$ cat structure-v2.txt   # compact mmCIF, C-alpha atoms
# COMPACT_ATOMS: atom_id res chain seq x y z
CA MET A 1 -0.10 -14.77 -22.26
CA SER A 2 2.32 -14.53 -19.34
CA PRO A 3 5.45 -16.72 -19.14
CA ILE A 4 4.74 -20.05 -17.45
CA GLU A 5 7.11 -19.17 -14.57
CA HIS A 6 5.12 -16.02 -13.84
CA ILE A 7 1.78 -17.86 -13.85
CA PHE A 8 3.03 -20.69 -11.63
CA LEU A 9 4.87 -18.55 -9.07
CA TYR A 10 2.10 -16.00 -8.53
CA LEU A 11 -0.60 -18.66 -8.34
CA LEU A 12 1.60 -20.37 -5.75
CA LEU A 13 2.03 -17.10 -3.82
CA PHE A 14 -1.67 -16.25 -3.60
CA LEU A 15 -2.74 -19.83 -2.92
CA ALA A 16 -0.13 -20.30 -0.19
CA THR A 17 -1.03 -16.96 1.43
CA PHE A 18 -4.73 -17.89 1.38
CA LEU A 19 -4.12 -21.35 2.90
CA CYS A 20 -1.76 -19.99 5.56
CA SER A 21 -4.28 -17.30 6.50
CA LEU A 22 -6.90 -20.01 6.78
CA ARG A 23 -4.71 -21.87 9.28
CA ILE A 24 -4.55 -18.95 11.74
CA LYS A 25 -6.81 -19.70 14.71
CA SER A 26 -7.85 -17.55 17.66
CA ASN A 27 -5.99 -19.88 20.03
CA SER A 28 -2.78 -20.00 17.97
CA SER A 29 0.36 -19.04 19.87
CA SER A 30 2.59 -16.19 18.78
CA LYS A 31 5.20 -18.76 17.74
CA ASP A 32 2.65 -20.64 15.63
CA PHE A 33 1.52 -17.37 14.00
CA TRP A 34 5.05 -16.50 12.89
CA ARG A 35 5.76 -20.07 11.77
CA ILE A 36 2.64 -20.03 9.57
CA MET A 37 3.28 -16.56 8.17
CA MET A 38 6.92 -17.24 7.30
CA VAL A 39 5.71 -19.24 4.28
CA PRO A 40 3.99 -16.29 2.48
CA ILE A 41 6.68 -13.90 3.75
CA ILE A 42 9.46 -15.92 2.11
CA LEU A 43 7.46 -16.63 -1.05
CA PHE A 44 6.51 -12.96 -1.51
CA SER A 45 10.06 -11.78 -0.86
CA VAL A 46 11.74 -14.25 -3.23
CA ILE A 47 9.18 -14.02 -6.06
CA GLU A 48 8.98 -10.23 -6.08
CA GLY A 49 12.72 -9.90 -5.51
CA CYS A 50 13.49 -12.10 -8.52
CA ARG A 51 11.22 -10.14 -10.87
CA TYR A 52 13.26 -8.24 -13.44
CA GLY A 53 12.48 -4.90 -15.08
CA ARG A 54 9.23 -4.46 -13.16
CA GLY A 55 7.78 -0.97 -13.40
CA THR A 56 9.47 2.15 -14.75
CA ASP A 57 11.86 2.65 -11.81
CA TYR A 58 13.39 -0.84 -11.57
CA LEU A 59 16.40 -0.39 -13.84
CA SER A 60 17.30 2.94 -12.26
CA TYR A 61 17.26 1.38 -8.77
CA LYS A 62 19.29 -1.57 -10.07
CA TYR A 63 21.89 0.89 -11.39
CA ARG A 64 21.81 2.94 -8.17
CA TYR A 65 22.54 -0.20 -6.17
CA GLU A 66 25.33 -1.46 -8.42
CA TYR A 67 26.96 1.99 -8.61
CA ILE A 68 26.22 3.68 -5.28
CA ASP A 69 26.97 7.40 -5.60
CA LEU A 70 27.12 9.13 -2.23
CA LEU A 71 27.04 12.53 -3.90
CA GLU A 72 23.86 11.78 -5.87
CA GLU A 73 21.89 9.93 -3.17
CA THR A 74 20.12 12.29 -0.76
CA GLN A 75 18.28 9.80 1.47
CA THR A 76 20.72 8.63 4.15
CA GLY A 77 18.62 5.67 5.33
CA PHE A 78 18.36 4.29 1.80
CA ILE A 79 22.11 4.72 1.29
CA PHE A 80 22.82 2.91 4.57
CA ILE A 81 20.64 -0.10 3.65
CA MET A 82 22.27 -0.34 0.21
CA GLN A 83 25.76 -0.10 1.70
CA VAL A 84 25.04 -2.82 4.28
CA LEU A 85 23.67 -5.17 1.61
CA LYS A 86 26.60 -4.39 -0.70
CA GLY A 87 29.03 -4.89 2.18
CA ILE A 88 27.81 -8.42 2.90
CA GLY A 89 28.13 -9.36 -0.77
CA CYS A 90 24.52 -9.13 -2.03
CA ASN A 91 24.07 -8.66 -5.76
CA TYR A 92 21.14 -6.63 -7.10
CA VAL A 93 18.76 -9.63 -7.01
CA LEU A 94 19.48 -10.31 -3.33
CA ALA A 95 19.09 -6.58 -2.68
CA PHE A 96 15.58 -6.56 -4.17
CA ILE A 97 14.72 -9.72 -2.22
CA SER A 98 15.93 -7.96 0.93
CA TYR A 99 13.81 -4.88 0.19
CA THR A 100 10.73 -7.10 -0.11
CA LEU A 101 11.65 -9.06 3.01
CA ILE A 102 11.85 -5.83 5.03
CA LEU A 103 8.39 -4.85 3.77
CA SER A 104 6.92 -8.30 4.48
CA LEU A 105 8.34 -8.59 7.99
CA GLY A 106 7.23 -5.04 8.80
CA LEU A 107 3.70 -5.75 7.58
CA VAL A 108 3.35 -8.95 9.61
CA TRP A 109 4.84 -7.33 12.73
CA PHE A 110 2.42 -4.41 12.36
CA ILE A 111 -0.55 -6.78 11.99
CA LYS A 112 0.50 -9.01 14.91
CA SER A 113 1.21 -6.02 17.19
CA ASN A 114 -2.07 -4.18 16.63
CA PHE A 115 -4.75 -6.82 16.17
CA THR A 116 -5.81 -10.09 17.76
CA LEU A 117 -5.28 -13.31 15.82
CA LYS A 118 -9.00 -13.45 15.08
CA GLU A 119 -8.95 -9.90 13.72
CA SER A 120 -5.72 -10.31 11.76
CA LYS A 121 -6.58 -13.55 9.98
CA TRP A 122 -6.99 -12.08 6.47
CA ILE A 123 -5.17 -8.75 6.75
CA PHE A 124 -1.81 -9.92 5.32
CA LEU A 125 -3.48 -11.49 2.28
CA PHE A 126 -5.27 -8.22 1.51
CA ALA A 127 -2.08 -6.28 2.23
CA ILE A 128 -0.40 -8.14 -0.64
CA LEU A 129 -3.42 -7.50 -2.87
CA ALA A 130 -3.42 -3.79 -1.99
CA LEU A 131 0.33 -3.15 -2.18
CA GLN A 132 1.76 -5.52 -4.79
CA PRO A 133 0.61 -3.63 -7.93
CA LYS A 134 2.43 -0.46 -6.81
CA PHE A 135 5.23 -2.12 -4.86
CA GLU A 136 6.64 -3.44 -8.14
CA ASN A 137 7.40 0.13 -9.19
CA LEU A 138 7.74 2.31 -6.08
CA VAL A 139 10.81 0.59 -4.66
CA ARG A 140 12.07 3.17 -2.16
CA GLN A 141 8.61 4.25 -0.98
CA PHE A 142 7.75 0.69 -0.01
CA LEU A 143 11.11 0.17 1.63
CA ALA A 144 10.18 3.09 3.91
CA PHE A 145 6.58 1.87 4.34
CA PRO A 146 7.26 -0.81 7.03
CA PHE A 147 9.21 1.69 9.14
CA MET A 148 6.17 3.96 9.01
CA LEU A 149 3.96 1.06 10.16
CA VAL A 150 6.29 0.42 13.11
CA SER A 151 6.12 4.12 13.97
CA PHE A 152 2.30 3.98 13.89
CA THR A 153 2.36 0.95 16.19
CA TYR A 154 4.52 2.65 18.81
CA PHE A 155 2.34 5.75 18.50
CA PHE A 156 -0.72 3.64 19.38
CA LYS A 157 1.21 2.33 22.39
CA ARG A 158 2.14 5.92 23.36
CA LYS A 159 5.84 5.12 23.15
CA TRP A 160 6.68 8.50 21.71
CA LEU A 161 10.48 8.16 21.48
CA LYS A 162 10.34 4.86 19.57
CA SER A 163 7.58 6.23 17.34
CA ALA A 164 9.65 9.33 16.55
CA THR A 165 12.75 7.20 15.89
CA PHE A 166 10.98 5.09 13.28
CA PHE A 167 9.36 8.22 11.83
CA PHE A 168 12.81 9.67 11.13
CA LEU A 169 14.04 6.31 9.83
CA SER A 170 11.18 6.19 7.31
CA MET A 171 11.81 9.82 6.35
CA SER A 172 15.49 9.00 5.78
CA ILE A 173 14.40 6.50 3.13
CA HIS A 174 11.50 8.37 1.47
CA THR A 175 10.29 11.80 2.64
CA GLY A 176 7.12 11.51 0.55
CA LEU A 177 5.56 9.47 3.38
CA PHE A 178 5.34 12.70 5.37
CA PHE A 179 1.85 13.21 3.92
CA SER A 180 0.66 9.85 5.27
CA TYR A 181 1.96 10.79 8.71
CA ALA A 182 0.12 14.10 8.61
CA CYS A 183 -3.14 12.34 7.67
CA PHE A 184 -2.58 9.71 10.38
CA LEU A 185 -2.01 12.31 13.12
CA ILE A 186 -5.10 14.33 12.17
CA LEU A 187 -7.29 11.23 12.11
CA TYR A 188 -5.80 9.94 15.38
CA ILE A 189 -7.22 12.98 17.17
CA CYS A 190 -10.74 11.98 16.12
CA ARG A 191 -10.22 8.21 16.01
CA ASN A 192 -13.58 7.59 17.71
CA LYS A 193 -15.45 9.32 14.88
CA ILE A 194 -16.22 7.16 11.89
CA ILE A 195 -17.12 8.72 8.54
CA ASN A 196 -20.69 7.71 7.65
CA TYR A 197 -20.71 5.34 4.69
CA LYS A 198 -23.56 7.23 2.97
CA ILE A 199 -21.62 10.49 3.02
CA ALA A 200 -18.44 8.70 1.96
CA ILE A 201 -20.07 6.97 -1.02
CA LEU A 202 -21.83 10.19 -2.07
CA LEU A 203 -18.53 12.10 -2.05
CA LEU A 204 -16.80 9.24 -3.84
CA ALA A 205 -19.47 9.22 -6.57
CA ALA A 206 -19.06 12.97 -6.99
CA SER A 207 -15.29 12.60 -7.31
CA TYR A 208 -15.76 9.94 -10.01
CA PHE A 209 -18.62 11.34 -12.05
CA VAL A 210 -19.28 15.01 -11.18
CA VAL A 211 -16.19 16.99 -10.14
CA PRO A 212 -14.10 18.22 -13.11
CA LYS A 213 -10.97 16.18 -13.77
CA GLY A 214 -7.79 17.57 -12.19
CA ILE A 215 -9.46 20.13 -9.93
CA LEU A 216 -7.43 19.01 -6.91
CA ALA A 217 -4.21 19.12 -8.91
CA ASP A 218 -4.89 22.73 -9.93
CA THR A 219 -5.61 23.74 -6.32
CA VAL A 220 -2.49 22.06 -4.94
CA SER A 221 -0.36 23.51 -7.72
CA ASN A 222 -1.42 27.03 -6.71
CA LEU A 223 -0.75 26.31 -3.04
CA LEU A 224 2.67 24.74 -3.59
CA GLY A 225 3.85 27.64 -5.69
CA GLY A 226 4.40 29.69 -2.53
CA PHE A 227 5.16 26.89 -0.06
CA ASP A 228 8.69 26.30 1.23
CA VAL A 229 9.49 22.62 1.88
CA SER A 230 13.24 23.08 2.21
CA PHE A 231 12.99 22.10 5.90
CA LEU A 232 12.43 18.49 4.73
CA ARG A 233 15.86 18.59 3.02
CA ASN A 234 14.66 16.66 0.00
CA GLU A 235 15.86 18.01 -3.33
CA ASN A 236 13.22 16.12 -5.35
CA LEU A 237 10.34 17.46 -3.25
CA THR A 238 11.75 20.97 -3.36
CA HIS A 239 12.04 20.70 -7.13
CA TYR A 240 8.40 19.59 -7.41
CA THR A 241 7.12 22.53 -5.36
CA GLU A 242 9.26 25.11 -7.12
CA ASP A 243 8.15 23.83 -10.53
CA SER A 244 4.60 22.84 -9.53
CA GLU A 245 3.00 24.06 -12.77
CA ARG A 246 5.09 21.60 -14.75
CA TRP A 247 4.19 18.62 -12.55
CA LEU A 248 0.59 19.51 -11.71
CA GLY A 249 -0.52 21.75 -14.55
CA ALA A 250 -2.84 20.75 -17.40
CA ASP A 251 0.07 19.59 -19.58
CA SER A 252 1.25 17.13 -16.91
CA TYR A 253 -1.86 14.95 -17.19
CA LEU A 254 -0.92 11.40 -18.22
CA LYS A 255 -3.24 10.39 -21.04
CA ASN A 256 -2.04 6.79 -20.84
CA ALA A 257 -3.52 6.68 -17.32
CA GLU A 258 -7.04 7.02 -18.71
CA GLN A 259 -9.43 4.22 -17.73
CA THR A 260 -12.23 2.77 -19.81
CA SER A 261 -15.76 3.30 -18.47
CA PHE A 262 -15.89 -0.41 -17.59
CA THR A 263 -12.64 -0.35 -15.59
CA MET A 264 -13.56 2.88 -13.81
CA THR A 265 -17.00 1.50 -12.89
CA LEU A 266 -15.46 -1.70 -11.50
CA GLN A 267 -13.05 0.31 -9.38
CA PHE A 268 -15.87 2.54 -8.15
CA LEU A 269 -17.98 -0.50 -7.18
CA PHE A 270 -15.01 -2.05 -5.39
CA GLU A 271 -14.37 1.11 -3.37
CA CYS A 272 -18.08 1.46 -2.49
CA ALA A 273 -18.11 -2.19 -1.40
CA ALA A 274 -15.00 -1.70 0.75
CA ILE A 275 -16.59 1.32 2.43
CA TYR A 276 -19.96 -0.33 3.10
CA MET A 277 -18.60 -3.69 4.28
CA SER A 278 -16.07 -2.09 6.65
CA TYR A 279 -18.61 0.39 8.02
CA PHE A 280 -21.12 -2.41 8.63
CA VAL A 281 -18.63 -4.46 10.66
CA LEU A 282 -17.33 -1.43 12.57
CA SER A 283 -20.89 -0.49 13.54
CA VAL A 284 -21.22 -3.97 15.10
CA GLN A 285 -17.69 -4.43 16.45
CA LYS A 286 -16.08 -1.05 17.09
CA ASN A 287 -12.30 -0.82 16.92
CA GLU A 288 -10.53 2.55 17.18
CA LYS A 289 -7.48 1.51 15.16
CA ILE A 290 -9.59 0.07 12.36
CA ILE A 291 -11.77 3.21 12.37
CA LEU A 292 -8.65 5.35 11.88
CA PHE A 293 -7.51 3.33 8.87
CA PHE A 294 -11.09 3.17 7.56
CA ASN A 295 -11.22 6.98 7.55
CA MET A 296 -7.77 7.12 5.94
CA MET A 297 -8.97 4.69 3.26
CA ILE A 298 -11.93 6.94 2.40
CA ILE A 299 -9.71 10.03 2.17
CA GLY A 300 -7.40 8.02 -0.09
CA PHE A 301 -10.20 6.81 -2.36
CA ILE A 302 -11.62 10.30 -2.86
CA SER A 303 -8.34 12.23 -3.14
CA CYS A 304 -6.86 9.69 -5.57
CA ARG A 305 -9.82 10.09 -7.90
CA LEU A 306 -9.69 13.89 -7.68
CA CYS A 307 -6.07 13.91 -8.85
CA PHE A 308 -6.17 10.80 -11.06
CA GLY A 309 -3.73 11.08 -13.96
CA TYR A 310 -1.37 13.55 -12.23
CA GLU A 311 1.51 11.25 -11.29
CA ILE A 312 3.25 13.12 -8.46
CA LEU A 313 0.12 14.14 -6.58
CA TYR A 314 -1.47 10.74 -7.20
CA ARG A 315 1.56 9.00 -5.65
CA LEU A 316 1.23 11.10 -2.51
CA THR A 317 -2.51 10.63 -2.04
CA GLU A 318 -2.38 6.95 -2.98
CA GLN A 319 -0.44 6.30 0.22
CA MET A 320 -3.72 6.73 2.11
CA ARG A 321 -5.61 4.53 -0.37
CA PHE A 322 -3.22 1.62 0.28
CA PHE A 323 -4.63 1.23 3.77
CA TRP A 324 -7.85 -0.35 2.50
CA PHE A 325 -6.23 -3.68 3.36
CA VAL A 326 -6.70 -2.99 7.09
CA PRO A 327 -10.50 -2.44 7.33
CA VAL A 328 -11.24 -4.90 4.50
CA GLY A 329 -9.00 -7.63 5.94
CA TYR A 330 -10.52 -7.02 9.38
CA SER A 331 -14.09 -7.20 8.03
CA MET A 332 -13.62 -10.32 5.88
CA ARG A 333 -13.57 -12.64 8.87
CA TYR A 334 -16.98 -11.39 10.06
CA LEU A 335 -19.83 -13.89 9.58
CA PRO A 336 -23.21 -12.08 9.59
CA SER A 337 -26.51 -13.50 10.73
CA GLN A 338 -29.64 -13.45 8.55
CA GLY A 339 -31.23 -10.11 7.68
CA LYS A 340 -31.65 -7.54 4.93
CA ALA A 341 -28.63 -5.48 5.97
CA ASN A 342 -26.53 -8.63 6.24
CA LYS A 343 -27.44 -9.64 2.68
CA ALA A 344 -25.99 -6.32 1.49
CA PHE A 345 -22.86 -7.13 3.50
CA VAL A 346 -22.51 -10.50 1.77
CA VAL A 347 -22.97 -8.87 -1.66
CA THR A 348 -20.25 -6.30 -0.95
CA LYS A 349 -17.92 -9.06 0.28
CA TYR A 350 -18.32 -10.89 -3.04
CA VAL A 351 -17.82 -7.66 -5.00
CA ILE A 352 -14.45 -7.20 -3.26
CA ILE A 353 -13.43 -10.81 -3.88
CA ILE A 354 -14.51 -10.80 -7.55
CA TYR A 355 -12.79 -7.46 -8.22
CA ASN A 356 -9.48 -8.74 -6.84
CA VAL A 357 -9.79 -12.06 -8.68
CA LEU A 358 -10.38 -10.21 -11.99
CA PHE A 359 -7.59 -7.70 -11.32
CA PHE A 360 -4.96 -10.27 -10.45
CA SER A 361 -6.08 -12.78 -13.07
CA ARG A 362 -5.15 -10.18 -15.65
CA PHE A 363 -1.80 -9.60 -13.89
CA ILE A 364 -1.03 -13.32 -13.58
CA PHE A 365 -2.19 -14.60 -16.99
CA LEU A 366 -2.05 -11.60 -19.36
CA TYR A 367 1.37 -10.09 -18.71
CA PRO A 368 3.65 -11.23 -21.58
CA GLU A 369 6.36 -8.69 -20.67
CA ALA A 370 6.87 -10.26 -17.22
CA LYS A 371 10.43 -11.46 -16.61
CA PHE A 372 12.59 -12.93 -13.88
CA PHE A 373 16.31 -12.33 -13.58
CA TRP A 374 17.14 -15.76 -15.04
CA MET A 375 15.18 -14.87 -18.21
CA VAL A 376 17.45 -11.97 -19.24

$ encode --input "structure-v2.txt" --output "structure tokens"
Amino acid sequence: MSPIEHIFLYLLLFLATFLCSLRIKSNSSSKDFWRIMMVPIILFSVIEGCRYGRGTDYLSYKYRYEYIDLLEETQTGFIFIMQVLKGIGCNYVLAFISYTLILSLGLVWFIKSNFTLKESKWIFLFAILALQPKFENLVRQFLAFPFMLVSFTYFFKRKWLKSATFFFLSMSIHTGLFFSYACFLILYICRNKIINYKIAILLLAASYFVVPKGILADTVSNLLGGFDVSFLRNENLTHYTEDSERWLGADSYLKNAEQTSFTMTLQFLFECAAIYMSYFVLSVQKNEKIILFFNMMIIGFISCRLCFGYEILYRLTEQMRFFWFVPVGYSMRYLPSQGKANKAFVVTKYVIIIYNVLFFSRFIFLYPEAKFFWMV
């Protein structure tokens, strides 16, 4: 059983985000939108920022903030943010709150800038559902994530200088996001072409139940062995490529990442539902930006399964999987008319809702190790 604080605060977060999303109307002003969304933004930032010992990287990032070492830190943007927060007197708790606030504000700005109020109604709620499980651990990656979203937004607007500026800002915090950029640029070229849901689900099923485990990791390991990434000036990434057999070889498979057949089947059904529901809505109401993130979502689903259990490669491919919150959040507000195809749409909508309720019920109620800074 989770501590009572954990249960109360996360129930409050998800309930408040749901109710605030419900209040967003097509005729709401920009000021009203921000006023409504500030409630979940603040709640998410404070609750996640006050969590203590979350994930395997938390304590190392706490130490790195309290004892900033300019010789050890290689990411200049991350160093700058830490130094600014330290300079204005923030302790490690306020620093983690600030990291989450940057992510939250970036997410909402991205949603507001790219989609109408009608389209964006549920996207932030699903963004929290998609990102929160990994955000607790991948601190620096998700600090860079909102800068990447801003870069995408300016790219859509064809403001190349601003897009490039935020690209370099995100890279200065976490160079691993380079792979998401590469996927984004390739898909942008063919943003009018949507991947057929039948082909996508067939390939997804093959990646789950047919293709040998780790085949993608073996392929990438062989490719990286002779690939020079020194131009990115990231010592960690260079280390991974130079020692790719260690990180992507058979011995690097994480056995504790294994899923039961029940869990794997639930995840497969959720991903199939996300693909079908989004495709159905996009076939009725076409949107180039949503199509791009829909295609990115499919690539993420399939590539994540092909390298499941190989931590480094999984982290890189999972960046594309995170974007399921865009097409799913966009599609949730659609109300279908009667018909056989529409019944399938309704079923997939409930599969997505039930999956997330089950997933986060376990996180909220069955997490006895959960702590907040005042509990240590």

$ residues_near_point --input "structure-v2.txt" --point "(-13.7, -4.3, 7.3)" --cutoff "6 Å" --atoms "only C-alpha atoms" --output "number ranges by chain"
A: 277-278, 281, 327-331

$ write_last_selection --input "structure-v2.txt" --atoms "C-alpha atoms" --output "CSV table (one decimal), in the coordinates of the input"
chain,number,residue,atom,x,y,z
A,277,MET,CA,-18.6,-3.7,4.3
A,278,SER,CA,-16.1,-2.1,6.6
A,281,VAL,CA,-18.6,-4.5,10.7
A,327,PRO,CA,-10.5,-2.4,7.3
A,328,VAL,CA,-11.2,-4.9,4.5
A,329,GLY,CA,-9.0,-7.6,5.9
A,330,TYR,CA,-10.5,-7.0,9.4
A,331,SER,CA,-14.1,-7.2,8.0

$ axis_aligned_box --input "structure-v2.txt" --around "range 137-148 of chain A" --padding-each-side "4 Å" --output "JSON"
{"center_x": 9.1, "center_y": 1.7, "center_z": 0.0, "size_x": 13.9, "size_y": 13.1, "size_z": 26.3}

$ atom_distance --input "structure-v2.txt" --atom1 "CA of Trp324 in chain A" --atom2 "CA of Thr175 in chain A"
21.8 Å

$ atom_distance --input "structure-v2.txt" --atom1 "CA of Cys183 in chain A" --atom2 "CA of Phe322 in chain A"
13.0 Å

$ atom_distance --input "structure-v2.txt" --atom1 "CA of Phe308 in chain A" --atom2 "CA of Glu136 in chain A"
19.4 Å

$ closest_atom_pairs --input "structure-v2.txt" --of "range 256-340 of chain A" --to "range 191-215 of chain A" --cutoff "12 Å" --atoms "all atoms listed in the file" --output "CSV"
residue,atom,partner,partner_atom,distance
A:Glu258,CA,A:Lys213,CA,11.1
A:Gln259,CA,A:Tyr208,CA,11.5
A:Ser261,CA,A:Phe209,CA,10.7
A:Met264,CA,A:Tyr208,CA,8.3
A:Thr265,CA,A:Tyr208,CA,9.0
A:Leu266,CA,A:Tyr208,CA,11.7
A:Gln267,CA,A:Tyr208,CA,10.0
A:Phe268,CA,A:Tyr208,CA,7.6
A:Leu269,CA,A:Ala205,CA,9.9
A:Phe270,CA,A:Ile201,CA,11.2
A:Glu271,CA,A:Leu204,CA,8.5
A:Cys272,CA,A:Ile201,CA,6.0
A:Ala273,CA,A:Ile201,CA,9.4
A:Ala274,CA,A:Tyr197,CA,9.9
A:Ile275,CA,A:Tyr197,CA,6.2
A:Tyr276,CA,A:Tyr197,CA,5.9
A:Met277,CA,A:Tyr197,CA,9.3
A:Ser278,CA,A:Tyr197,CA,9.0
A:Tyr279,CA,A:Tyr197,CA,6.3
A:Phe280,CA,A:Tyr197,CA,8.7
A:Val281,CA,A:Tyr197,CA,11.7
A:Leu282,CA,A:Ile194,CA,8.7
A:Ser283,CA,A:Ile194,CA,9.1
A:Lys286,CA,A:Asn192,CA,9.0
A:Asn287,CA,A:Asn192,CA,8.5
A:Glu288,CA,A:Arg191,CA,5.8
A:Lys289,CA,A:Arg191,CA,7.3
A:Ile290,CA,A:Arg191,CA,8.9
A:Ile291,CA,A:Ile194,CA,6.0
A:Leu292,CA,A:Arg191,CA,5.3
A:Phe293,CA,A:Arg191,CA,9.1
A:Phe294,CA,A:Ile194,CA,7.8
A:Asn295,CA,A:Ile195,CA,6.2
A:Met296,CA,A:Ile195,CA,9.8
A:Met297,CA,A:Ala200,CA,10.4
A:Ile298,CA,A:Ala200,CA,6.8
A:Ile299,CA,A:Ala200,CA,8.8
A:Gly300,CA,A:Leu204,CA,10.2
A:Phe301,CA,A:Leu204,CA,7.2
A:Ile302,CA,A:Leu204,CA,5.4
A:Ser303,CA,A:Ser207,CA,8.1
A:Cys304,CA,A:Ser207,CA,9.1
A:Arg305,CA,A:Ser207,CA,6.0
A:Leu306,CA,A:Ser207,CA,5.8
A:Cys307,CA,A:Gly214,CA,5.2
A:Phe308,CA,A:Gly214,CA,7.1
A:Gly309,CA,A:Gly214,CA,7.9
A:Tyr310,CA,A:Gly214,CA,7.6
A:Glu311,CA,A:Gly214,CA,11.3
A:Leu313,CA,A:Gly214,CA,10.3
A:Tyr314,CA,A:Gly214,CA,10.6

$ residues_around --input "structure-v2.txt" --residues "Lys112 in chain A" --least-positions-apart "3" --cutoff "12 Å" --atoms "only C-alpha atoms" --output "number ranges by chain"
A: 24, 28-34, 37, 105-109, 115-124, 149-150, 153

$ closest_residue --input "structure-v2.txt" --among "A:Cys90, A:Leu125, A:Asn342, A:Ile79" --to "Ala16 in chain A" --atoms "all atoms listed in the file"
A:Leu125

$ residues_around --input "structure-v2.txt" --residues "Ser45 in chain A" --least-positions-apart "4" --cutoff "7 Å" --atoms "all atoms listed in the file" --output "PyMOL selection string"
chain A and resi 41+49+97+100-101

$ residues_near_point --input "structure-v2.txt" --point "(3.8, 9.9, 8.1)" --cutoff "9 Å" --atoms "all atoms listed in the file" --output "number ranges by chain"
A: 148, 151-152, 167, 170-171, 175-185

$ write_last_selection --input "structure-v2.txt" --atoms "C-alpha atoms" --output "tab-separated table (two decimals), keeping the file's coordinate frame"
chain	number	residue	atom	x	y	z
A	148	MET	CA	6.17	3.96	9.01
A	151	SER	CA	6.12	4.12	13.97
A	152	PHE	CA	2.30	3.98	13.89
A	167	PHE	CA	9.36	8.22	11.83
A	170	SER	CA	11.18	6.19	7.31
A	171	MET	CA	11.81	9.82	6.35
A	175	THR	CA	10.29	11.80	2.64
A	176	GLY	CA	7.12	11.51	0.55
A	177	LEU	CA	5.56	9.47	3.38
A	178	PHE	CA	5.34	12.70	5.37
A	179	PHE	CA	1.85	13.21	3.92
A	180	SER	CA	0.66	9.85	5.27
A	181	TYR	CA	1.96	10.79	8.71
A	182	ALA	CA	0.12	14.10	8.61
A	183	CYS	CA	-3.14	12.34	7.67
A	184	PHE	CA	-2.58	9.71	10.38
A	185	LEU	CA	-2.01	12.31	13.12

$ closest_residue --input "structure-v2.txt" --among "A:Tyr10, A:Phe145, A:Leu358, A:Thr76" --to "Ile102 in chain A" --atoms "only C-alpha atoms"
A:Phe145
